[in-house]
file input.txt (compact mmCIF, C-alpha atoms and all ligand atoms)
# COMPACT_ATOMS: atom_id res chain seq x y z
CA MET A 1257 36.62 15.22 -39.77
CA LEU A 1258 34.28 12.51 -40.97
CA ARG A 1259 33.17 12.38 -44.57
CA PRO A 1260 29.43 11.82 -45.09
CA ARG A 1261 29.88 8.24 -46.27
CA GLU A 1262 31.82 7.29 -43.17
CA ARG A 1263 29.20 8.82 -40.96
CA THR A 1264 26.57 6.41 -42.19
CA THR A 1265 28.73 3.30 -42.07
CA ILE A 1266 26.91 0.54 -40.24
CA SER A 1267 28.68 -0.50 -37.05
CA PRO A 1268 29.19 -4.21 -36.60
CA TYR A 1269 26.89 -4.90 -33.65
CA PHE A 1270 23.94 -3.57 -31.64
CA PRO A 1271 25.45 -1.28 -29.00
CA VAL A 1272 23.91 -1.71 -25.57
CA GLY A 1273 24.71 0.44 -22.54
CA GLY A 1274 26.54 3.71 -22.81
CA PRO A 1275 26.59 6.19 -25.67
CA VAL A 1276 26.08 4.83 -29.18
CA PRO A 1277 27.88 5.87 -32.38
CA ALA A 1278 26.03 8.17 -34.80
CA ALA A 1279 25.09 5.31 -37.12
CA ASP A 1280 23.16 3.56 -34.32
CA LEU A 1281 21.34 6.62 -33.07
CA VAL A 1282 17.86 5.72 -34.27
CA GLY A 1283 15.21 8.36 -34.92
CA ARG A 1284 16.96 11.36 -33.40
CA GLU A 1285 17.73 13.44 -36.48
CA PRO A 1286 15.04 16.13 -36.06
CA TYR A 1287 15.85 16.45 -32.36
CA LEU A 1288 19.58 16.67 -33.03
CA ARG A 1289 19.10 19.45 -35.54
CA ARG A 1290 17.08 21.48 -33.06
CA LEU A 1291 19.58 20.84 -30.34
CA VAL A 1292 22.59 21.80 -32.44
CA ASP A 1293 20.88 24.94 -33.75
CA ARG A 1294 19.96 26.09 -30.28
CA LEU A 1295 23.45 25.59 -28.92
CA GLU A 1296 25.02 27.21 -31.94
CA ASP A 1297 22.73 30.20 -31.49
CA GLY A 1298 24.02 30.62 -27.97
CA ASN A 1299 21.02 29.25 -26.07
CA HIS A 1300 21.43 27.11 -22.99
CA VAL A 1301 19.35 23.94 -23.12
CA ILE A 1302 18.10 21.30 -20.79
CA VAL A 1303 17.60 17.68 -21.82
CA ALA A 1304 15.85 15.74 -19.08
CA GLY A 1305 14.40 12.27 -19.33
CA PRO A 1306 14.17 8.81 -17.82
CA ARG A 1307 17.09 6.41 -17.63
CA ARG A 1308 18.63 4.84 -20.71
CA ILE A 1309 16.65 6.63 -23.39
CA GLY A 1310 19.71 8.02 -25.12
CA LYS A 1311 20.36 11.43 -23.56
CA THR A 1312 24.14 11.04 -23.46
CA SER A 1313 24.26 9.52 -26.96
CA ILE A 1314 22.39 12.49 -28.38
CA ILE A 1315 24.47 15.16 -26.73
CA LEU A 1316 27.76 13.51 -27.70
CA GLU A 1317 26.65 13.39 -31.33
CA ALA A 1318 25.56 17.04 -31.06
CA LEU A 1319 29.05 17.91 -29.76
CA ARG A 1320 30.70 16.02 -32.63
CA ARG A 1321 28.63 18.04 -35.10
CA LEU A 1322 29.32 21.32 -33.35
CA LYS A 1323 33.01 20.56 -33.35
CA ARG A 1324 32.93 19.87 -37.07
CA ARG A 1325 31.29 23.26 -37.50
CA GLY A 1326 34.15 24.90 -35.67
CA ALA A 1327 32.98 25.21 -32.07
CA HIS A 1328 34.98 24.22 -29.03
CA THR A 1329 33.17 21.60 -26.98
CA GLY A 1330 33.39 19.85 -23.65
CA TYR A 1331 31.60 17.16 -21.68
CA VAL A 1332 31.49 16.82 -17.89
CA ASP A 1333 29.76 13.95 -16.10
CA CYS A 1334 28.74 15.31 -12.71
CA LEU A 1335 28.20 11.81 -11.32
CA GLY A 1336 31.93 11.19 -11.45
CA ALA A 1337 32.84 14.05 -9.11
CA THR A 1338 32.88 13.59 -5.34
CA ASP A 1339 33.45 17.24 -4.38
CA ILE A 1340 33.44 20.66 -6.02
CA ARG A 1341 37.18 20.60 -6.59
CA GLY A 1342 36.74 17.36 -8.51
CA LEU A 1343 33.94 18.90 -10.55
CA GLY A 1344 36.09 21.95 -11.23
CA GLU A 1345 39.00 19.77 -12.37
CA ARG A 1346 36.74 17.90 -14.75
CA LEU A 1347 35.55 21.15 -16.22
CA ALA A 1348 39.13 22.39 -16.54
CA ASP A 1349 40.12 19.17 -18.32
CA ALA A 1350 37.15 19.38 -20.69
CA THR A 1351 38.01 22.97 -21.51
CA LEU A 1352 41.77 22.56 -21.96
CA GLN A 1353 41.36 19.48 -24.13
CA ASN A 1354 40.20 21.79 -26.92
CA LEU A 1355 43.62 23.39 -26.99
CA SER A 1356 45.85 20.45 -26.14
CA GLY A 1357 43.89 17.58 -27.67
CA VAL A 1358 44.88 15.60 -24.61
CA GLU A 1359 42.64 14.28 -21.85
CA ARG A 1360 43.42 15.26 -18.29
CA SER A 1361 45.51 18.25 -19.41
CA PHE A 1362 44.89 19.95 -16.09
CA GLU A 1363 47.37 17.54 -14.50
CA GLN A 1364 50.00 19.10 -16.76
CA ALA A 1365 48.92 22.57 -15.72
CA LYS A 1366 49.40 21.57 -12.09
CA ALA A 1367 52.81 20.10 -12.83
CA ILE A 1368 53.98 23.25 -14.57
CA ALA A 1369 52.51 25.45 -11.85
CA SER A 1370 54.64 23.54 -9.35
CA GLY A 1371 57.78 24.11 -11.41
CA MET A 1372 58.07 20.90 -13.41
CA HIS A 1373 58.64 20.68 -17.16
CA PRO A 1374 55.73 19.87 -19.40
CA THR A 1375 55.70 16.71 -21.47
CA VAL A 1376 56.18 17.03 -25.21
CA LYS A 1377 52.50 16.36 -25.78
CA VAL A 1378 51.28 19.43 -23.94
CA LYS A 1379 52.68 22.82 -24.76
CA TYR A 1380 52.69 25.80 -22.48
CA GLU A 1381 50.07 27.67 -24.54
CA HIS A 1382 47.74 24.70 -24.29
CA ILE A 1383 47.43 25.07 -20.57
CA GLU A 1384 48.39 28.66 -19.95
CA LEU A 1385 44.71 29.46 -19.46
CA ALA A 1386 44.63 27.33 -16.32
CA LEU A 1387 48.02 28.02 -14.74
CA GLN A 1388 46.75 30.50 -12.22
CA LEU A 1389 43.91 28.17 -11.36
CA ALA A 1390 46.35 25.31 -10.82
CA ARG A 1391 47.99 27.34 -8.05
CA GLU A 1392 44.72 28.11 -6.28
CA THR A 1393 44.50 26.33 -2.93
CA ASN A 1394 41.21 27.73 -1.70
CA THR A 1395 38.51 25.27 -2.81
CA GLN A 1396 35.72 27.76 -3.33
CA ARG A 1397 37.92 30.13 -5.35
CA PHE A 1398 39.22 27.16 -7.31
CA PHE A 1399 35.70 26.07 -8.19
CA GLU A 1400 34.67 29.55 -9.26
CA GLY A 1401 37.84 29.92 -11.34
CA ALA A 1402 37.11 26.64 -13.10
CA LEU A 1403 33.58 27.83 -13.88
CA ASP A 1404 35.10 30.80 -15.70
CA LEU A 1405 37.42 28.72 -17.89
CA PRO A 1406 34.98 27.97 -20.75
CA HIS A 1407 34.41 31.70 -21.05
CA ALA A 1408 38.15 32.36 -21.02
CA LEU A 1409 38.52 29.83 -23.85
CA ALA A 1410 35.77 31.52 -25.88
CA LYS A 1411 37.38 34.92 -25.39
CA ARG A 1412 40.84 33.77 -26.23
CA THR A 1413 39.96 31.83 -29.38
CA GLY A 1414 36.97 33.82 -30.59
CA LYS A 1415 35.09 30.56 -31.04
CA ARG A 1416 31.81 29.47 -29.54
CA VAL A 1417 32.23 27.07 -26.62
CA VAL A 1418 29.56 24.44 -25.93
CA MET A 1419 29.85 22.80 -22.54
CA VAL A 1420 27.73 19.87 -21.36
CA PHE A 1421 26.96 18.89 -17.78
CA ASP A 1422 25.56 15.36 -17.76
CA GLU A 1423 23.62 14.07 -14.72
CA PHE A 1424 23.55 17.68 -13.64
CA GLN A 1425 21.29 17.03 -10.65
CA ALA A 1426 24.24 15.24 -9.00
CA ALA A 1427 26.21 18.51 -8.86
CA GLY A 1428 23.75 19.80 -6.28
CA ARG A 1429 24.87 17.09 -3.86
CA LEU A 1430 28.47 18.32 -3.82
CA GLY A 1431 27.84 21.26 -1.55
CA PRO A 1432 25.25 23.65 -0.20
CA ARG A 1433 25.31 26.46 -2.78
CA VAL A 1434 26.78 24.79 -5.83
CA PHE A 1435 23.89 25.63 -8.15
CA ASP A 1436 23.74 29.27 -7.06
CA VAL A 1437 27.46 29.71 -7.63
CA MET A 1438 27.25 28.09 -11.05
CA ARG A 1439 24.36 30.23 -12.20
CA THR A 1440 26.03 33.41 -11.02
CA ARG A 1441 29.19 32.65 -13.00
CA PHE A 1442 27.44 31.33 -16.11
CA GLN A 1443 24.99 34.15 -16.60
CA ALA A 1444 27.72 36.73 -16.99
CA GLN A 1445 29.45 34.76 -19.74
CA ARG A 1446 29.23 35.46 -23.48
CA GLY A 1447 30.13 33.01 -26.17
CA VAL A 1448 29.44 29.91 -24.09
CA SER A 1449 26.36 27.69 -24.46
CA TYR A 1450 25.58 25.19 -21.75
CA ALA A 1451 23.61 21.97 -22.06
CA PHE A 1452 22.30 20.38 -18.89
CA LEU A 1453 21.32 16.71 -18.93
CA GLY A 1454 19.79 14.61 -16.26
CA SER A 1455 17.80 11.53 -15.48
CA GLU A 1456 16.20 12.79 -12.29
CA GLN A 1457 13.53 14.77 -14.05
CA GLY A 1458 11.78 15.96 -10.89
CA ILE A 1459 14.88 17.64 -9.48
CA LEU A 1460 15.79 19.25 -12.78
CA GLU A 1461 12.31 20.57 -13.42
CA GLU A 1462 12.26 22.17 -10.01
CA LEU A 1463 15.71 23.66 -10.48
CA PHE A 1464 14.98 25.13 -13.91
CA SER A 1465 11.30 25.95 -13.84
CA GLU A 1466 10.34 26.91 -10.32
CA LYS A 1467 10.66 30.46 -9.18
CA GLY A 1468 13.26 30.96 -6.50
CA HIS A 1469 15.41 28.06 -7.69
CA ALA A 1470 18.95 28.67 -8.88
CA PHE A 1471 18.49 27.96 -12.59
CA TYR A 1472 14.99 29.36 -12.98
CA ARG A 1473 14.43 30.13 -16.68
CA PHE A 1474 18.13 29.82 -17.41
CA ALA A 1475 17.85 27.15 -20.12
CA VAL A 1476 15.39 26.11 -22.83
CA PRO A 1477 13.85 22.69 -22.15
CA LEU A 1478 13.96 20.49 -25.27
CA ASP A 1479 11.52 17.69 -24.64
CA LEU A 1480 13.03 14.36 -25.56
CA THR A 1481 10.53 11.84 -24.23
CA ASP A 1482 7.67 13.04 -26.38
CA ALA A 1483 9.49 14.59 -29.34
CA GLY A 1484 7.41 14.50 -32.51
CA GLY A 1485 4.54 12.95 -30.54
CA HIS A 1486 6.26 9.54 -30.53
CA ARG A 1487 6.88 7.43 -27.50
CA PHE A 1488 10.44 8.14 -26.33
CA GLY A 1489 10.52 10.60 -29.22
CA ILE A 1490 11.42 7.95 -31.79
CA ASP A 1491 9.27 7.26 -34.86
CA PRO A 1492 8.61 3.47 -35.11
CA ASP A 1493 9.31 3.73 -38.85
CA ASP A 1494 12.85 4.76 -38.01
CA TRP A 1495 13.29 1.60 -35.98
CA LEU A 1496 11.93 -0.44 -38.88
CA GLU A 1497 14.36 1.10 -41.33
CA TYR A 1498 17.33 0.78 -39.00
CA LEU A 1499 16.64 -2.83 -38.03
CA ARG A 1500 16.06 -3.95 -41.60
CA ALA A 1501 19.33 -2.39 -42.75
CA LYS A 1502 21.28 -3.63 -39.77
CA PHE A 1503 20.09 -7.22 -40.13
CA ALA A 1504 20.50 -7.09 -43.90
CA ALA A 1505 24.13 -6.03 -43.43
CA LYS A 1506 24.61 -9.34 -41.60
CA ARG A 1507 22.67 -11.16 -44.29
CA LEU A 1508 19.78 -11.74 -41.95
CA SER A 1509 16.20 -10.70 -42.52
CA ILE A 1510 13.50 -9.35 -40.26
CA ASP A 1511 9.96 -8.64 -41.49
CA ASP A 1512 7.66 -5.79 -40.54
CA ALA A 1513 5.47 -7.97 -38.35
CA SER A 1514 8.48 -9.04 -36.25
CA VAL A 1515 9.60 -5.43 -35.82
CA ASP A 1516 6.06 -4.56 -34.69
CA ARG A 1517 6.07 -7.40 -32.18
CA LEU A 1518 9.47 -6.36 -30.93
CA LEU A 1519 8.42 -2.73 -30.47
CA ASP A 1520 5.20 -3.84 -28.79
CA ALA A 1521 7.17 -5.85 -26.26
CA THR A 1522 9.68 -3.11 -25.47
CA GLY A 1523 7.38 -0.13 -25.98
CA GLY A 1524 10.14 1.23 -28.20
CA HIS A 1525 12.24 2.06 -25.15
CA PRO A 1526 15.66 2.67 -26.74
CA GLN A 1527 17.88 0.53 -24.58
CA ASP A 1528 15.35 -2.24 -24.00
CA THR A 1529 14.81 -2.47 -27.76
CA MET A 1530 18.54 -2.59 -28.45
CA GLN A 1531 18.97 -5.20 -25.73
CA VAL A 1532 16.43 -7.52 -27.38
CA CYS A 1533 18.00 -6.87 -30.81
CA ALA A 1534 21.46 -7.75 -29.57
CA ALA A 1535 20.15 -10.99 -28.03
CA LEU A 1536 18.24 -11.76 -31.21
CA TYR A 1537 21.29 -11.22 -33.36
CA TYR A 1538 23.51 -13.58 -31.35
CA LEU A 1539 20.76 -16.15 -31.18
CA MET A 1540 20.35 -16.15 -34.94
CA ARG A 1541 24.06 -16.22 -35.51
CA ASP A 1542 24.61 -19.14 -33.14
CA SER A 1543 21.80 -21.14 -34.68
CA GLY A 1544 22.79 -20.37 -38.26
CA ALA A 1545 19.25 -19.19 -39.04
CA ARG A 1546 18.69 -16.44 -41.61
CA THR A 1547 15.16 -15.25 -40.90
CA VAL A 1548 13.71 -13.89 -37.68
CA THR A 1549 10.73 -15.91 -36.46
CA PRO A 1550 8.36 -15.32 -33.52
CA ASP A 1551 10.14 -18.12 -31.64
CA PHE A 1552 13.53 -16.46 -31.96
CA LEU A 1553 12.00 -13.20 -30.89
CA GLU A 1554 10.47 -14.77 -27.83
CA VAL A 1555 13.72 -16.38 -26.72
CA ALA A 1556 15.62 -13.13 -27.36
CA TYR A 1557 13.11 -11.26 -25.25
CA GLU A 1558 13.66 -13.64 -22.34
CA GLN A 1559 17.41 -13.32 -22.70
CA ALA A 1560 17.18 -9.52 -22.69
CA MET A 1561 14.89 -9.68 -19.67
CA ARG A 1562 17.58 -11.57 -17.76
CA GLU A 1563 20.17 -9.00 -18.80
CA LEU A 1564 17.95 -6.17 -17.66
CA GLU A 1565 17.32 -7.76 -14.28
CA ARG A 1566 20.13 -5.81 -12.65
CA PRO A 1567 19.01 -2.29 -13.57
CA PHE A 1568 15.42 -3.28 -12.87
CA ALA A 1569 16.33 -4.72 -9.48
CA LEU A 1570 18.04 -1.43 -8.66
CA HIS A 1571 14.91 0.54 -9.53
CA TRP A 1572 12.88 -1.87 -7.47
CA SER A 1573 15.04 -1.71 -4.38
CA GLU A 1574 15.05 2.09 -4.58
CA LEU A 1575 11.27 1.97 -4.44
CA GLY A 1576 11.59 -0.12 -1.30
CA SER A 1577 13.04 2.80 0.60
CA HIS A 1578 9.68 4.59 0.52
CA LYS A 1579 6.49 3.42 2.08
CA TYR A 1580 3.86 2.16 -0.37
CA LEU A 1581 5.85 2.76 -3.55
CA GLN A 1582 6.38 -0.91 -4.28
CA GLN A 1583 2.78 -1.69 -3.41
CA VAL A 1584 1.41 0.94 -5.76
CA ALA A 1585 3.92 -0.13 -8.44
CA LYS A 1586 2.57 -3.66 -8.20
CA ARG A 1587 -0.98 -2.43 -8.64
CA ILE A 1588 0.08 -0.61 -11.80
CA ALA A 1589 1.86 -3.70 -13.07
CA HIS A 1590 -1.18 -5.89 -12.51
CA ARG A 1591 -3.59 -3.25 -13.79
CA ALA A 1592 -5.34 -3.47 -10.42
CA VAL A 1593 -7.59 -0.75 -9.04
CA LEU A 1594 -5.13 1.83 -7.76
CA TYR A 1595 -7.24 3.28 -5.01
CA ALA A 1596 -8.66 0.05 -3.60
CA ALA A 1597 -8.58 0.32 0.17
CA ASP A 1598 -7.97 -3.36 0.50
CA GLY A 1599 -6.35 -4.49 -2.67
CA GLU A 1600 -3.74 -7.14 -2.98
CA GLY A 1601 -0.89 -6.26 -0.65
CA GLY A 1602 -3.01 -4.59 2.02
CA SER A 1603 -4.60 -1.21 2.34
CA VAL A 1604 -3.03 2.01 1.16
CA PRO A 1605 -4.66 5.29 2.18
CA ARG A 1606 -5.79 7.29 -0.86
CA PRO A 1607 -3.49 10.29 -0.27
CA GLU A 1608 -0.59 7.83 -0.05
CA VAL A 1609 -1.57 6.31 -3.38
CA LEU A 1610 -1.56 9.76 -4.94
CA ARG A 1611 1.79 10.55 -3.40
CA ALA A 1612 3.22 7.28 -4.63
CA LEU A 1613 1.92 7.87 -8.16
CA ALA A 1614 3.49 11.32 -8.18
CA ALA A 1615 6.78 9.88 -6.94
CA LEU A 1616 6.78 7.14 -9.59
CA GLN A 1617 6.19 9.73 -12.31
CA GLU A 1618 8.85 12.02 -10.94
CA ARG A 1619 11.35 9.19 -11.12
CA GLY A 1620 10.47 8.64 -14.74
CA LEU A 1621 9.16 5.15 -13.99
CA ALA A 1622 5.42 5.62 -14.56
CA VAL A 1623 3.21 7.72 -16.85
CA ARG A 1624 -0.40 8.77 -16.45
CA LEU A 1625 -2.57 7.53 -19.29
CA GLY A 1626 -5.86 8.95 -18.09
CA ARG A 1627 -8.07 9.17 -15.04
CA GLY A 1628 -6.86 6.58 -12.56
CA ARG A 1629 -4.90 4.85 -15.32
CA TYR A 1630 -1.15 4.58 -15.16
CA ASP A 1631 1.46 2.48 -16.87
CA PHE A 1632 5.18 1.95 -16.65
CA VAL A 1633 7.39 3.97 -18.95
CA GLU A 1634 9.17 0.71 -19.80
CA PRO A 1635 6.86 -2.21 -20.54
CA MET A 1636 9.70 -4.59 -19.74
CA PHE A 1637 9.96 -3.12 -16.25
CA GLY A 1638 6.22 -3.71 -15.84
CA GLU A 1639 6.77 -7.31 -16.87
CA TYR A 1640 9.63 -7.55 -14.37
CA VAL A 1641 7.37 -6.34 -11.58
CA ARG A 1642 4.62 -8.81 -12.53
CA ARG A 1643 7.11 -11.65 -12.51
CA LEU A 1644 8.36 -10.71 -9.05
CA ASP A 1645 5.05 -11.95 -7.71
CA GLU A 1646 5.03 -15.03 -9.84
CA GLY A 1647 8.47 -15.96 -8.53
CA LEU A 1648 9.61 -16.55 -12.09
CA LEU A 1649 12.77 -14.53 -11.93
CA ALA A 1650 14.62 -17.04 -9.87
CA THR A 1651 14.31 -19.73 -12.53
CA ALA A 1652 17.02 -19.94 -15.14
CA ILE A 1653 14.72 -20.56 -18.09
CA VAL A 1654 11.53 -18.61 -18.09
CA PRO A 1655 8.58 -20.54 -19.53
CA ARG A 1656 6.80 -19.15 -22.59
CA ARG A 1657 4.11 -16.65 -21.79
N1 LIG A 1701 18.39 6.68 -30.45
C1 LIG A 1701 18.80 5.46 -30.08
N2 LIG A 1701 18.85 4.47 -30.97
C2 LIG A 1701 19.24 3.24 -30.61
N3 LIG A 1701 19.60 2.90 -29.37
C3 LIG A 1701 19.58 3.83 -28.45
C4 LIG A 1701 19.18 5.15 -28.74
N4 LIG A 1701 19.24 5.86 -27.61
C5 LIG A 1701 19.66 5.02 -26.66
N5 LIG A 1701 19.87 3.78 -27.15
C6 LIG A 1701 20.26 2.59 -26.37
O1 LIG A 1701 20.27 2.97 -25.01
C7 LIG A 1701 21.58 2.80 -24.45
C8 LIG A 1701 21.84 3.91 -23.46
O2 LIG A 1701 22.03 5.15 -24.14
P1 LIG A 1701 22.57 6.43 -23.39
O3 LIG A 1701 23.64 6.06 -22.44
O4 LIG A 1701 22.84 7.45 -24.42
O5 LIG A 1701 21.24 6.84 -22.59
P2 LIG A 1701 21.07 7.80 -21.34
O6 LIG A 1701 19.68 8.33 -21.42
O7 LIG A 1701 22.18 8.78 -21.28
O8 LIG A 1701 21.19 6.75 -20.15
P3 LIG A 1701 21.49 6.99 -18.58
O9 LIG A 1701 20.18 7.37 -17.98
O10 LIG A 1701 21.97 5.65 -18.10
O11 LIG A 1701 22.52 8.07 -18.48
C9 LIG A 1701 22.51 2.74 -25.64
O12 LIG A 1701 23.66 1.96 -25.36
C10 LIG A 1701 21.65 2.07 -26.69
O13 LIG A 1701 21.63 0.68 -26.51
MG MG A 1702 23.53 9.24 -19.74
call {"tool": "encode", "arguments": {"input": "input.txt", "output": "structure tokens"}}
result
Amino acid sequence: MLRPRERTTISPYFPVGGPVPAADLVGREPYLRRLVDRLEDGNHVIVAGPRRIGKTSIILEALRRLKRRGAHTGYVDCLGATDIRGLGERLADATLQNLSGVERSFEQAKAIASGMHPTVKVKYEHIELALQLARETNTQRFFEGALDLPHALAKRTGKRVVMVFDEFQAAGRLGPRVFDVMRTRFQAQRGVSYAFLGSEQGILEELFSEKGHAFYRFAVPLDLTDAGGHRFGIDPDDWLEYLRAKFAAKRLSIDDASVDRLLDATGGHPQDTMQVCAALYYLMRDSGARTVTPDFLEVAYEQAMRELERPFALHWSELGSHKYLQQVAKRIAHRAVLYAADGEGGSVPRPEVLRALAALQERGLAVRLGRGRYDFVEPMFGEYVRRLDEGLLATAIVPRR
């Protein structure tokens, strides 16, 4: 268990991509408290939001806290499974790990079920819960048995179990009735709280809030993107405090105006902001400079932009699979009239524009600001789209704007 002082220790770099340690989780304290309370009270929750805003980081920290308070916890990434047996095995592993302390304990259960001796690391009682399951050859029954394991753990230990399904929308692609089966098993269970995370907001909203869908009203939505009324749910003052302390720990300084400029450029999008910070840090370190200047910031921004090209290009090519999406995205990027019949890039029928706008919002790429006014969720993605037209992305060094 971590002591309070260790929890606040500043980590040595700006983490970019993947879950961040507690000390680098900026501005999420109020949200985390709500999340932990809900789960501890036995509520199921849903945390939906656009890509790379920190969903996984938050839930992993929530699990660490819940564990410290005595709960059993587990984390399953649905994107990693290719069929329902795979998903079931992941769930079994996540559940058993609480008893064995060892990852992939279900392998051991299978070995023992087939008559082999367990390794010293895993004892019989650590995996006993899953022995029957390990012998199950019928895929559907196996899946259903795995879905009951968290409940079996809660019953056996008398502790609350908190189980997370990350990228939950992906589970629906593993078979025709996966969601229905899951709901049926989960709703009969006591002592288990489930958290569902996902980046495909449209699919999740439908699944959890539309009548007739499998998880209708099953979980409490905890809005992350707008928490506390801040963009991406993070108070800019929290960024200021974090960045000051982080740079100071490296004997570097950054003033308020630079932080403002930085947040202006990234819109405060968590990963984009961290990406620029990481670039800025290495730039300063390499040049031996001690104080952040607008020039450093500008160069760091360009560096981060190059690093973000890959994820942005993926978004962009996905938009290419639908008629008009790229065209409408370009109009947003250039602040052009959205409904122009003959705007740049040809004519788009009005109903198609509306459809495209809805699709861009559903994907978490665009937000509506007001009548006929839209913007990208990530300002840096907007900049990427503008530069596509200017042909700037192909050049190695991007000129100053
Ligand atoms: N609260 C935060 N403070 C600082 N940085 C953050 C925060 N949240 C996210 N980040 C940055 O975003 C990156 C991605 O975080 P994380 O993987 O938790 O997001 P996610 O929403 O789960 O992303 P994905 O959609 O790819 O699953 C982190 O590596 C970090 O750079
Ligand atoms: Mg994630």
call {"tool": "closest_atom_pairs", "arguments": {"input": "input.txt", "of": "chain A", "to": "ligand MG 1702 (chain A)", "cutoff": "8 Å", "atoms": "all atoms listed in the file", "output": "tab-separated table"}}
result
residue	atom	partner	partner_atom	distance
A:Gly1274	CA	A:MG1702	MG	7.0
A:Pro1275	CA	A:MG1702	MG	7.3
A:Arg1307	CA	A:MG1702	MG	7.3
A:Arg1308	CA	A:MG1702	MG	6.7
A:Gly1310	CA	A:MG1702	MG	6.7
A:Lys1311	CA	A:MG1702	MG	5.4
A:Thr1312	CA	A:MG1702	MG	4.2
A:Ser1313	CA	A:MG1702	MG	7.3
A:Asp1422	CA	A:MG1702	MG	6.7
A:Glu1423	CA	A:MG1702	MG	7.0
A:Leu1453	CA	A:MG1702	MG	7.8
A:Gly1454	CA	A:MG1702	MG	7.4
A:Ser1455	CA	A:MG1702	MG	7.5
call {"tool": "residues_around", "arguments": {"input": "input.txt", "residues": "Val1276 of chain A", "least_positions_apart": "4", "cutoff": "10 Å", "atoms": "only C-alpha atoms", "output": "PDB file with C-alpha atoms, in the frame of the given file"}}
result
ATOM      1  CA  SER A1267      28.680  -0.500 -37.050  1.00  0.00           C
ATOM      2  CA  PHE A1270      23.940  -3.570 -31.640  1.00  0.00           C
ATOM      3  CA  PRO A1271      25.450  -1.280 -29.000  1.00  0.00           C
ATOM      4  CA  VAL A1272      23.910  -1.710 -25.570  1.00  0.00           C
ATOM      5  CA  ASP A1280      23.160   3.560 -34.320  1.00  0.00           C
ATOM      6  CA  LEU A1281      21.340   6.620 -33.070  1.00  0.00           C
ATOM      7  CA  VAL A1282      17.860   5.720 -34.270  1.00  0.00           C
ATOM      8  CA  GLY A1310      19.710   8.020 -25.120  1.00  0.00           C
ATOM      9  CA  THR A1312      24.140  11.040 -23.460  1.00  0.00           C
ATOM     10  CA  SER A1313      24.260   9.520 -26.960  1.00  0.00           C
ATOM     11  CA  ILE A1314      22.390  12.490 -28.380  1.00  0.00           C
ATOM     12  CA  LEU A1316      27.760  13.510 -27.700  1.00  0.00           C
ATOM     13  CA  GLU A1317      26.650  13.390 -31.330  1.00  0.00           C
TER      14      GLU A1317
END
call {"tool": "closest_residue", "arguments": {"input": "input.txt", "among": "A:Val1437, A:Leu1403, A:Leu1575, A:Cys1334", "to": "ligand LIG 1701 (chain A)", "atoms": "all atoms listed in the file"}}
result
A:Cys1334
call {"tool": "atom_distance", "arguments": {"input": "input.txt", "atom1": "atom CA of Ala1337 of chain A", "atom2": "atom CA of Ala1622 of chain A"}}
result
29.2 Å
call {"tool": "residues_around", "arguments": {"input": "input.txt", "residues": "Leu1594 of chain A", "least_positions_apart": "5", "cutoff": "9 Å", "atoms": "only C-alpha atoms", "output": "list in words"}}
result
Val1584, Arg1587, Ile1588, Gly1599, Arg1606, Val1609, Gly1628, Arg1629 and Tyr1630 of chain A
call {"tool": "residues_around", "arguments": {"input": "input.txt", "residues": "Ala1615 of chain A", "least_positions_apart": "2", "cutoff": "12 Å", "atoms": "all atoms listed in the file", "output": "ChimeraX atom specification"}}
result
/A:1456-1459,1574-1575,1578-1582,1584-1585,1608-1613,1617-1624
call {"tool": "axis_aligned_box", "arguments": {"input": "input.txt", "around": "ligand LIG 1701 (chain A)", "padding_each_side": "5 Å", "output": "JSON"}}
result
{"center_x": 21.0, "center_y": 4.7, "center_z": -24.5, "size_x": 15.3, "size_y": 18.1, "size_z": 23.0}
call {"tool": "closest_residue", "arguments": {"input": "input.txt", "among": "A:Arg1412, A:Lys1502, A:Arg1562, A:Arg1627", "to": "ligand LIG 1701 (chain A)", "atoms": "all atoms listed in the file"}}
result
A:Lys1502
call {"tool": "build_atoms", "arguments": {"input": "input.txt", "residues": "segment 1395-1402 of chain A", "atoms": "N, CA and C atoms", "output": "CSV table (one decimal), in the frame of the given file"}}
result
chain,number,residue,atom,x,y,z
A,1395,THR,N,39.4,26.1,-2.0
A,1395,THR,CA,38.5,25.3,-2.8
A,1395,THR,C,37.4,26.1,-3.5
A,1396,GLN,N,36.8,27.0,-2.7
A,1396,GLN,CA,35.7,27.8,-3.3
A,1396,GLN,C,36.2,28.6,-4.5
A,1397,ARG,N,37.4,29.3,-4.3
A,1397,ARG,CA,37.9,30.1,-5.4
A,1397,ARG,C,38.3,29.3,-6.5
A,1398,PHE,N,38.8,28.1,-6.2
A,1398,PHE,CA,39.2,27.2,-7.3
A,1398,PHE,C,38.0,26.8,-8.2
A,1399,PHE,N,36.9,26.5,-7.5
A,1399,PHE,CA,35.7,26.1,-8.2
A,1399,PHE,C,35.2,27.2,-9.1
A,1400,GLU,N,35.2,28.4,-8.5
A,1400,GLU,CA,34.7,29.6,-9.3
A,1400,GLU,C,35.6,29.9,-10.5
A,1401,GLY,N,36.9,29.7,-10.2
A,1401,GLY,CA,37.8,29.9,-11.3
A,1401,GLY,C,37.6,28.9,-12.5
A,1402,ALA,N,37.4,27.7,-12.1
A,1402,ALA,CA,37.1,26.6,-13.1
A,1402,ALA,C,35.8,27.0,-13.9
